[in-house]
>>> print(open('protein_32.txt').read())   # compact mmCIF, C-alpha atoms
# COMPACT_ATOMS: atom_id res chain seq x y z
CA MET A 26 0.00 0.00 0.00
CA PRO A 27 1.45 3.46 -0.96
CA GLY A 28 2.59 5.76 1.82
CA SER A 29 -0.13 8.32 1.05
CA ASP A 30 -2.82 5.68 1.51
CA LEU A 31 -1.32 4.65 4.83
CA THR A 32 -1.29 8.28 5.94
CA ARG A 33 -4.96 8.74 5.03
CA LEU A 34 -5.83 5.53 6.84
CA ARG A 35 -3.92 6.69 9.92
CA VAL A 36 -5.74 10.02 9.96
CA ALA A 37 -9.12 8.33 9.60
CA LEU A 38 -8.41 5.86 12.40
CA THR A 39 -7.18 8.69 14.62
CA ALA A 40 -10.51 10.45 14.07
CA PHE A 41 -12.41 7.37 15.27
CA PHE A 42 -10.25 7.04 18.38
CA ALA A 43 -10.88 10.71 19.20
CA LEU A 44 -14.60 10.32 18.51
CA ASP A 45 -14.83 7.37 20.90
CA GLY A 46 -13.27 9.35 23.75
CA PHE A 47 -15.37 12.43 22.94
CA VAL A 48 -18.69 10.58 22.92
CA PHE A 49 -18.00 8.53 26.04
CA ALA A 50 -16.85 11.55 28.07
CA GLY A 51 -19.86 13.55 26.89
CA TRP A 52 -22.15 10.85 28.25
CA VAL A 53 -20.28 10.58 31.56
CA VAL A 54 -20.66 14.26 32.44
CA ARG A 55 -24.46 14.01 32.05
CA ILE A 56 -24.90 11.00 34.34
CA PRO A 57 -26.08 13.18 37.28
CA ASP A 58 -28.79 14.76 35.12
CA VAL A 59 -29.96 11.40 33.79
CA LYS A 60 -30.02 10.05 37.35
CA GLU A 61 -32.33 12.87 38.41
CA GLN A 62 -34.54 12.41 35.37
CA THR A 63 -35.00 8.68 35.95
CA GLY A 64 -35.44 9.08 39.70
CA ALA A 65 -32.87 6.35 40.30
CA SER A 66 -31.27 5.91 43.71
CA ALA A 67 -27.51 5.58 43.98
CA SER A 68 -27.74 1.79 44.14
CA THR A 69 -30.15 1.41 41.22
CA LEU A 70 -28.10 3.84 39.16
CA GLY A 71 -25.04 1.73 39.88
CA LEU A 72 -26.86 -1.34 38.62
CA ALA A 73 -28.00 0.52 35.50
CA LEU A 74 -24.45 1.68 34.80
CA LEU A 75 -23.33 -1.93 34.87
CA GLY A 76 -25.17 -2.18 31.54
CA VAL A 77 -22.28 -0.34 29.88
CA SER A 78 -19.75 -2.74 31.33
CA ALA A 79 -21.79 -5.86 30.61
CA GLY A 80 -22.47 -4.81 27.02
CA ALA A 81 -18.81 -3.99 26.40
CA VAL A 82 -17.39 -7.19 27.86
CA VAL A 83 -19.92 -9.42 26.09
CA THR A 84 -19.34 -7.75 22.72
CA MET A 85 -15.55 -7.58 22.74
CA THR A 86 -14.99 -11.28 22.06
CA LEU A 87 -17.75 -11.34 19.45
CA THR A 88 -16.24 -8.32 17.71
CA GLY A 89 -12.91 -10.10 17.35
CA ARG A 90 -14.71 -12.82 15.36
CA LEU A 91 -16.57 -10.26 13.25
CA CYS A 92 -13.30 -8.50 12.45
CA ARG A 93 -11.75 -11.75 11.27
CA ARG A 94 -14.74 -12.43 9.03
CA PHE A 95 -15.60 -8.99 7.65
CA GLY A 96 -12.47 -6.94 8.34
CA SER A 97 -11.64 -4.53 11.16
CA GLN A 98 -12.20 -1.38 9.12
CA PRO A 99 -15.85 -1.99 8.10
CA VAL A 100 -16.67 -3.18 11.64
CA THR A 101 -15.16 0.06 12.99
CA VAL A 102 -17.48 2.14 10.80
CA VAL A 103 -20.59 0.15 11.74
CA CYS A 104 -19.77 0.35 15.46
CA ALA A 105 -19.16 4.10 15.18
CA VAL A 106 -22.66 4.55 13.77
CA LEU A 107 -24.16 2.41 16.55
CA LEU A 108 -22.18 4.29 19.21
CA SER A 109 -23.31 7.65 17.86
CA LEU A 110 -26.97 6.61 17.72
CA SER A 111 -27.05 4.85 21.10
CA VAL A 112 -25.56 7.76 23.07
CA ALA A 113 -28.79 9.72 22.44
CA LEU A 114 -30.93 7.07 24.16
CA PRO A 115 -30.20 7.48 27.93
CA PRO A 116 -31.98 10.85 28.39
CA LEU A 117 -35.09 9.40 26.70
CA THR A 118 -35.57 6.89 29.54
CA HIS A 119 -37.63 7.48 32.66
CA SER A 120 -36.77 4.49 34.84
CA ALA A 121 -33.64 2.71 36.01
CA PRO A 122 -34.46 -0.58 34.20
CA ALA A 123 -35.00 1.26 30.92
CA LEU A 124 -31.76 3.16 31.46
CA GLY A 125 -29.91 -0.10 32.07
CA ALA A 126 -31.34 -1.56 28.85
CA VAL A 127 -30.22 1.32 26.64
CA LEU A 128 -26.82 1.44 28.36
CA LEU A 129 -26.41 -2.22 27.49
CA VAL A 130 -26.76 -1.24 23.82
CA PHE A 131 -24.39 1.71 24.30
CA GLY A 132 -21.87 -0.57 26.02
CA MET A 133 -22.06 -3.08 23.18
CA ALA A 134 -21.24 -0.36 20.64
CA TYR A 135 -18.47 1.02 22.87
CA GLY A 136 -16.86 -2.37 23.38
CA GLY A 137 -17.22 -3.22 19.71
CA ILE A 138 -15.56 -0.11 18.37
CA ASN A 139 -12.69 -0.43 20.84
CA VAL A 140 -11.79 -3.90 19.56
CA ALA A 141 -12.39 -2.99 15.91
CA PHE A 142 -10.31 0.17 15.67
CA ASN A 143 -7.53 -1.28 17.82
CA SER A 144 -7.40 -4.28 15.46
CA ALA A 145 -7.25 -1.96 12.45
CA ALA A 146 -4.53 0.07 14.17
CA VAL A 147 -2.47 -3.06 14.88
CA ASP A 148 -2.39 -3.87 11.14
CA LEU A 149 -1.48 -0.28 10.31
CA VAL A 150 1.35 -0.25 12.86
CA ALA A 151 2.76 -3.40 11.27
CA ALA A 152 2.54 -1.89 7.79
CA LEU A 153 4.16 1.39 8.86
CA ARG A 154 6.89 -0.49 10.75
CA ARG A 155 6.80 2.23 13.37
CA PRO A 156 5.40 1.95 16.93
CA VAL A 157 2.69 4.58 16.46
CA MET A 158 0.02 2.86 18.57
CA PRO A 159 0.31 5.41 21.44
CA SER A 160 -0.66 8.22 19.06
CA PHE A 161 -4.08 6.62 18.53
CA HIS A 162 -4.65 6.31 22.26
CA ALA A 163 -3.48 9.90 22.70
CA ALA A 164 -6.30 10.89 20.33
CA PHE A 165 -8.74 8.95 22.52
CA SER A 166 -7.47 10.78 25.61
CA LEU A 167 -7.67 14.16 23.89
CA GLY A 168 -11.16 13.42 22.66
CA GLY A 169 -12.18 12.52 26.19
CA MET A 170 -10.74 15.73 27.62
CA VAL A 171 -12.51 17.82 24.98
CA GLY A 172 -15.76 15.91 25.47
CA ALA A 173 -15.67 16.33 29.24
CA GLY A 174 -14.72 20.02 29.04
CA LEU A 175 -17.36 20.86 26.44
CA GLY A 176 -19.94 18.85 28.35
CA GLY A 177 -19.22 20.81 31.49
CA LEU A 178 -19.59 24.09 29.62
CA VAL A 179 -22.96 23.27 28.04
CA ALA A 180 -24.43 21.41 31.02
CA GLY A 181 -26.05 24.56 32.38
CA SER A 182 -27.59 25.68 29.10
CA LEU A 183 -28.48 22.45 27.24
CA SER A 184 -30.69 19.64 28.43
CA PRO A 185 -29.17 16.14 28.44
CA THR A 186 -31.43 15.24 25.51
CA ARG A 187 -30.14 18.07 23.32
CA HIS A 188 -26.54 17.66 24.41
CA LEU A 189 -26.39 13.92 23.71
CA LEU A 190 -28.32 14.37 20.47
CA GLY A 191 -25.57 16.81 19.53
CA LEU A 192 -23.06 14.04 20.21
CA THR A 193 -25.05 11.79 17.88
CA VAL A 194 -24.93 14.36 15.08
CA THR A 195 -21.21 14.94 15.66
CA GLY A 196 -20.50 11.22 15.63
CA LEU A 197 -22.44 10.63 12.42
CA LEU A 198 -20.70 13.56 10.73
CA VAL A 199 -17.24 12.29 11.72
CA THR A 200 -18.19 8.82 10.52
CA ALA A 201 -19.47 10.22 7.22
CA VAL A 202 -16.18 12.06 6.67
CA ALA A 203 -13.69 9.47 7.92
CA GLY A 204 -15.65 6.28 7.25
CA PRO A 205 -15.28 6.16 3.45
CA THR A 206 -11.50 6.01 3.82
CA LEU A 207 -11.82 2.86 5.92
CA LEU A 208 -14.41 1.34 3.58
CA ARG A 209 -12.59 2.13 0.32
CA GLN A 210 -9.04 1.19 1.18
CA ARG A 211 -7.98 -2.38 1.62
CA PRO A 212 -6.44 -3.02 5.03
CA PRO A 213 -2.65 -3.12 5.05
CA ALA A 214 -1.40 -6.69 5.15
CA PRO A 215 0.73 -7.32 8.25
CA PRO A 216 4.04 -8.43 6.73
CA ASP A 217 4.92 -11.19 9.14
CA ARG A 218 1.75 -12.67 10.66
CA ALA A 219 0.63 -14.78 7.68
CA GLN A 220 4.07 -16.29 7.16
CA LEU A 221 4.37 -16.97 10.87
CA GLU A 222 1.04 -18.80 10.94
CA GLU A 223 1.98 -20.92 7.92
CA ALA A 224 5.45 -21.73 9.20
CA ALA A 225 4.50 -22.68 12.75
CA PRO A 226 0.80 -23.46 13.04
CA HIS A 227 1.24 -25.70 16.08
CA ARG A 228 3.56 -23.39 17.98
CA LEU A 229 1.08 -20.55 17.58
CA GLY A 230 -1.54 -22.43 19.58
CA THR A 231 -0.99 -22.76 23.30
CA ARG A 232 2.07 -20.52 23.48
CA THR A 233 0.44 -17.68 21.62
CA ARG A 234 -2.67 -17.84 23.76
CA GLY A 235 -0.48 -17.72 26.84
CA LEU A 236 1.44 -14.68 25.59
CA VAL A 237 -1.78 -12.89 24.61
CA THR A 238 -3.08 -13.46 28.13
CA VAL A 239 0.17 -12.06 29.52
CA PHE A 240 -0.27 -8.87 27.51
CA GLY A 241 -3.89 -8.76 28.63
CA LEU A 242 -2.71 -8.85 32.24
CA ILE A 243 -0.47 -5.84 31.55
CA ALA A 244 -3.54 -4.03 30.18
CA LEU A 245 -5.51 -5.08 33.29
CA CYS A 246 -2.86 -3.72 35.67
CA THR A 247 -2.80 -0.43 33.76
CA ALA A 248 -6.56 0.00 33.54
CA TYR A 249 -6.93 -0.86 37.24
CA GLY A 250 -4.92 2.26 38.03
CA GLU A 251 -6.94 4.41 35.64
CA GLY A 252 -10.24 3.31 37.16
CA ALA A 253 -8.98 3.69 40.72
CA LEU A 254 -7.68 7.23 40.22
CA ALA A 255 -10.78 8.31 38.32
CA ASP A 256 -13.10 7.26 41.16
CA TRP A 257 -10.97 7.67 44.28
CA GLY A 258 -8.22 10.21 43.53
CA ALA A 259 -10.28 13.31 44.33
CA LEU A 260 -11.70 11.76 47.51
CA HIS A 261 -8.20 10.91 48.71
CA LEU A 262 -7.04 14.49 48.23
CA GLU A 263 -10.09 15.99 49.92
CA GLN A 264 -10.58 13.47 52.71
CA ASP A 265 -7.02 12.53 53.64
CA LEU A 266 -5.09 15.69 52.71
CA ASP A 267 -7.80 18.33 53.39
CA ALA A 268 -7.63 19.71 49.86
CA HIS A 269 -10.17 22.26 48.66
CA PRO A 270 -12.82 20.53 46.49
CA GLY A 271 -11.65 22.44 43.43
CA VAL A 272 -8.03 21.38 43.99
CA ALA A 273 -9.13 17.82 44.69
CA ALA A 274 -11.00 17.71 41.40
CA ALA A 275 -7.76 18.67 39.66
CA GLY A 276 -6.13 15.43 40.82
CA TYR A 277 -7.53 13.28 38.05
CA SER A 278 -6.98 16.10 35.55
CA CYS A 279 -3.25 16.06 36.39
CA PHE A 280 -3.20 12.30 35.89
CA ALA A 281 -5.17 12.40 32.62
CA LEU A 282 -3.16 15.29 31.17
CA ALA A 283 0.13 13.59 31.98
CA MET A 284 -1.13 10.36 30.42
CA THR A 285 -2.09 12.25 27.26
CA VAL A 286 1.33 13.91 27.06
CA GLY A 287 2.98 10.54 27.61
CA ARG A 288 1.00 9.01 24.75
CA ILE A 289 1.73 11.89 22.39
CA SER A 290 5.44 11.32 22.95
CA GLY A 291 5.00 7.54 23.10
CA THR A 292 6.15 6.74 19.56
CA THR A 293 9.49 8.48 20.13
CA LEU A 294 9.91 6.70 23.44
CA LEU A 295 9.10 3.31 21.92
CA GLU A 296 11.55 3.88 19.06
CA ARG A 297 14.32 4.66 21.51
CA LEU A 298 13.66 2.10 24.23
CA GLY A 299 11.67 -0.61 22.48
CA ARG A 300 8.23 -1.82 23.46
CA MET A 301 8.92 -4.03 26.43
CA ARG A 302 11.60 -1.78 27.92
CA THR A 303 9.01 0.98 27.78
CA VAL A 304 6.58 -1.25 29.66
CA VAL A 305 9.21 -2.11 32.28
CA ALA A 306 10.25 1.53 32.75
CA GLY A 307 6.67 2.81 32.65
CA GLY A 308 5.43 0.30 35.20
CA ALA A 309 8.31 1.10 37.55
CA THR A 310 7.73 4.85 37.15
CA ALA A 311 4.00 4.50 37.80
CA SER A 312 4.65 2.30 40.82
CA ALA A 313 6.98 4.86 42.37
CA GLY A 314 4.62 7.72 41.51
CA MET A 315 1.55 6.05 42.99
CA LEU A 316 3.40 4.99 46.12
CA LEU A 317 4.23 8.65 46.68
CA GLY A 318 0.72 9.72 45.64
CA SER A 319 -1.00 7.48 48.16
CA LEU A 320 1.33 8.25 51.06
CA ALA A 321 2.30 11.87 50.30
CA PRO A 322 1.95 14.25 53.26
CA SER A 323 0.87 17.26 51.17
CA VAL A 324 -1.61 18.01 48.41
CA TRP A 325 0.96 19.32 45.95
CA ALA A 326 3.21 16.33 46.38
CA ALA A 327 0.22 14.09 45.70
CA LEU A 328 -0.74 16.06 42.58
CA LEU A 329 2.83 15.77 41.27
CA ALA A 330 2.79 12.06 42.05
CA PHE A 331 -0.50 11.61 40.17
CA ALA A 332 1.12 13.23 37.13
CA VAL A 333 4.15 10.93 37.39
CA THR A 334 1.79 7.96 37.62
CA GLY A 335 -0.01 9.11 34.46
CA LEU A 336 3.27 9.40 32.57
CA GLY A 337 4.28 5.93 33.71
CA LEU A 338 1.02 4.23 32.76
CA ALA A 339 0.53 6.15 29.50
CA ASN A 340 1.94 3.65 27.03
CA LEU A 341 1.39 0.32 28.81
CA PHE A 342 -2.13 -0.27 27.51
CA PRO A 343 -1.35 0.69 23.87
CA VAL A 344 1.71 -1.56 23.84
CA ALA A 345 -0.16 -4.46 25.43
CA VAL A 346 -3.02 -4.28 22.92
CA GLU A 347 -0.69 -3.87 19.96
CA ARG A 348 1.50 -6.82 20.97
CA ALA A 349 -1.54 -9.03 21.58
CA GLY A 350 -2.89 -8.08 18.15
CA ALA A 351 0.46 -8.72 16.48
CA LEU A 352 0.45 -12.21 17.96
CA ALA A 353 -3.15 -13.24 17.38
CA GLY A 354 -4.94 -10.64 15.26
CA PRO A 355 -8.39 -9.31 16.24
CA GLY A 356 -8.87 -12.19 18.66
CA GLY A 357 -5.76 -11.10 20.54
CA VAL A 358 -6.98 -7.52 20.66
CA ALA A 359 -10.32 -8.75 21.99
CA VAL A 360 -8.70 -10.75 24.79
CA ALA A 361 -6.36 -7.94 25.84
CA SER A 362 -9.15 -5.35 25.66
CA THR A 363 -11.53 -7.49 27.69
CA LEU A 364 -8.94 -8.07 30.41
CA GLY A 365 -8.03 -4.39 30.38
CA TYR A 366 -11.63 -3.31 30.64
CA GLY A 367 -12.07 -5.82 33.44
CA GLY A 368 -9.22 -4.12 35.29
CA MET A 369 -10.91 -0.76 34.97
CA LEU A 370 -14.10 -2.27 36.43
CA LEU A 371 -12.21 -4.12 39.15
CA GLY A 372 -10.24 -1.15 40.39
CA PRO A 373 -12.87 1.13 41.96
CA PRO A 374 -14.77 -1.50 43.99
CA THR A 375 -11.54 -3.18 45.11
CA ILE A 376 -10.22 0.15 46.34
CA GLY A 377 -13.50 0.71 48.16
CA PHE A 378 -13.38 -2.61 50.01
CA MET A 379 -9.73 -2.14 50.93
CA ALA A 380 -10.45 1.39 52.17
CA ASP A 381 -13.10 0.00 54.52
CA TRP A 382 -10.77 -2.72 55.77
CA PHE A 383 -7.66 -0.53 56.12
CA SER A 384 -7.65 3.08 54.89
CA LEU A 385 -7.94 4.84 51.54
CA PRO A 386 -4.21 5.71 51.31
CA THR A 387 -3.33 2.09 52.00
CA ALA A 388 -5.88 0.92 49.44
CA LEU A 389 -4.41 3.19 46.78
CA THR A 390 -1.01 1.56 47.20
CA SER A 391 -2.54 -1.41 45.36
CA VAL A 392 -2.23 0.69 42.20
CA ALA A 393 1.52 0.89 42.82
CA VAL A 394 1.65 -2.87 43.43
CA LEU A 395 -0.13 -3.70 40.16
CA ALA A 396 2.03 -1.23 38.22
CA ALA A 397 5.10 -3.01 39.60
CA ILE A 398 3.55 -6.34 38.59
CA ALA A 399 2.99 -4.97 35.06
CA SER A 400 6.66 -3.99 34.96
CA ALA A 401 7.71 -7.49 36.05
CA ILE A 402 5.37 -9.11 33.52
CA GLY A 403 6.84 -6.86 30.83
CA TYR A 404 10.34 -8.02 31.70
CA ALA A 405 9.27 -11.67 31.57
CA ALA A 406 7.36 -11.14 28.30
CA ASP A 407 10.39 -9.48 26.75
CA ARG A 408 12.40 -12.63 27.36
CA ALA A 409 9.56 -14.92 26.24
CA THR A 410 8.98 -13.08 22.94
CA ALA A 411 12.66 -12.55 22.12
CA GLY A 412 13.08 -13.31 18.46
CA ARG A 413 9.35 -13.71 17.79
CA LEU A 414 8.20 -10.13 17.33
>>> encode(input="protein_32.txt", output="structure tokens")
Amino acid sequence: MPGSDLTRLRVALTAFFALDGFVFAGWVVRIPDVKEQTGASASTLGLALLGVSAGAVVTMTLTGRLCRRFGSQPVTVVCAVLLSLSVALPPLTHSAPALGAVLLVFGMAYGGINVAFNSAAVDLVAALRRPVMPSFHAAFSLGGMVGAGLGGLVAGSLSPTRHLLGLTVTGLLVTAVAGPTLLRQRPPAPPDRAQLEEAAPHRLGTRTRGLVTVFGLIALCTAYGEGALADWGALHLEQDLDAHPGVAAAGYSCFALAMTVGRISGTTLLERLGRMRTVVAGGATASAGMLLGSLAPSVWAALLAFAVTGLGLANLFPVAVERAGALAGPGGVAVASTLGYGGMLLGPPTIGFMADWFSLPTALTSVAVLAAIASAIGYAADRATAGRL
């Protein structure tokens, strides 16, 4: 495939990554309004929100199969349409069960597009022969920051129905502009995977599945930290360090901004260090940062530590998904994504239970522990995959 075609494909995929983050963040900032509209209690809202998680987890494995049959690029476009349409549904509901039902559909589209565009990106990375995967995830992070910021600005003037309908229109427009590129162009053929499958069909069985699971565990450890900081970071700053609510709210912003910066510079870092050395160094950095963040005696030290943690974790998930996809195609992406998403779901409730048993600062050290585990897994995976990838 000519270089210009690869560039157009990269731009189109980047647009879909950004759209995914933008739409999801736009929905998240309107959850309080939808809660009030449906009259849901905190517990029933929590159950309804599980619809997103359940839909995503169930669909991820199925999407891997669809990508193998129909191609990752067409599946990405279809899922983008479904995601854009389904985000308009929550404010149309008036009960918690109805909300849970439509969030199940939204979660299915969200899980589907994540597997599909990551699978397409894995093939493009192989064709480009450059580790550009972090740039796609940087687009997702930037889209999320824009979506959350814009949602906060319009929350006072637009109803949830109009706001989320605006997200639908935006999503359909982006899909109409970027989608034809994905539908017209043939996907780049990964240069090594087909030959590898033909040369060693038996060796690719059990060993490959094991390695894909290993990379999925790295994604899980990373996403655990993201989920924990998103839900508990501000409370830690306010409750344990007596931070002003406005300063406490900036805790996750510091983490998210640092993660975005880390992903923007991720390709350069990967080219200099290599993938698994980046995982080892990133996991160690995040472990040290979160250990300081959970035990820091002052607000500003904790904020700095949150930023260090974000920089450390930034490229672990993109590398894990890309390596899993390079080993096993869309199925590998599905496994790694499902485990990663499971880590994001596991983090907040685990932190909550540990905070009740011990204390919140002690509970947050589990993020440092899992980051260190990701670093150790990365070191072991580097040795296991030596000469294969």
>>> atom_distance(input="protein_32.txt", atom1="CA of Gly357 (chain A)", atom2="CA of Val83 (chain A)")
15.3 Å
>>> atom_distance(input="protein_32.txt", atom1="CA of Ala330 (chain A)", atom2="CA of Asp407 (chain A)")
27.5 Å
>>> atom_distance(input="protein_32.txt", atom1="CA of Thr285 (chain A)", atom2="CA of Pro355 (chain A)")
25.0 Å
>>> closest_residue(input="protein_32.txt", among="A:Ala253, A:Val54, A:Leu108, A:Ala399", to="Gly172 (chain A)", atoms="all atoms listed in the file")
A:Val54
>>> closest_residue(input="protein_32.txt", among="A:Ala353, A:Leu153, A:Leu236, A:Leu295", to="Gly28 (chain A)", atoms="only C-alpha atoms")
A:Leu153
>>> residues_around(input="protein_32.txt", residues="Val179 (chain A)", least_positions_apart="6", cutoff="12 Å", atoms="all atoms listed in the file", output="number ranges by chain")
A: 51, 54-55, 172-173, 185-189, 191
>>> residues_near_point(input="protein_32.txt", point="(-11.2, -0.6, 38.4)", cutoff="7 Å", atoms="only C-alpha atoms", output="PyMOL selection string")
chain A and resi 248-250+252-253+368-374
>>> closest_residue(input="protein_32.txt", among="A:Leu129, A:Leu183, A:Val237, A:Cys104", to="Gly350 (chain A)", atoms="only C-alpha atoms")
A:Val237
>>> closest_residue(input="protein_32.txt", among="A:Ser120, A:Thr193, A:Thr303, A:Gln98", to="Asn139 (chain A)", atoms="all atoms listed in the file")
A:Gln98
>>> closest_residue(input="protein_32.txt", among="A:Ala255, A:Ala113, A:Val127, A:Thr118", to="Gly76 (chain A)", atoms="all atoms listed in the file")
A:Val127
>>> residues_around(input="protein_32.txt", residues="Ala40 (chain A)", least_positions_apart="6", cutoff="9 Å", atoms="all atoms listed in the file", output="list in words")
Phe161, Ala164, Phe165, Val199, Thr200 and Ala203 of chain A
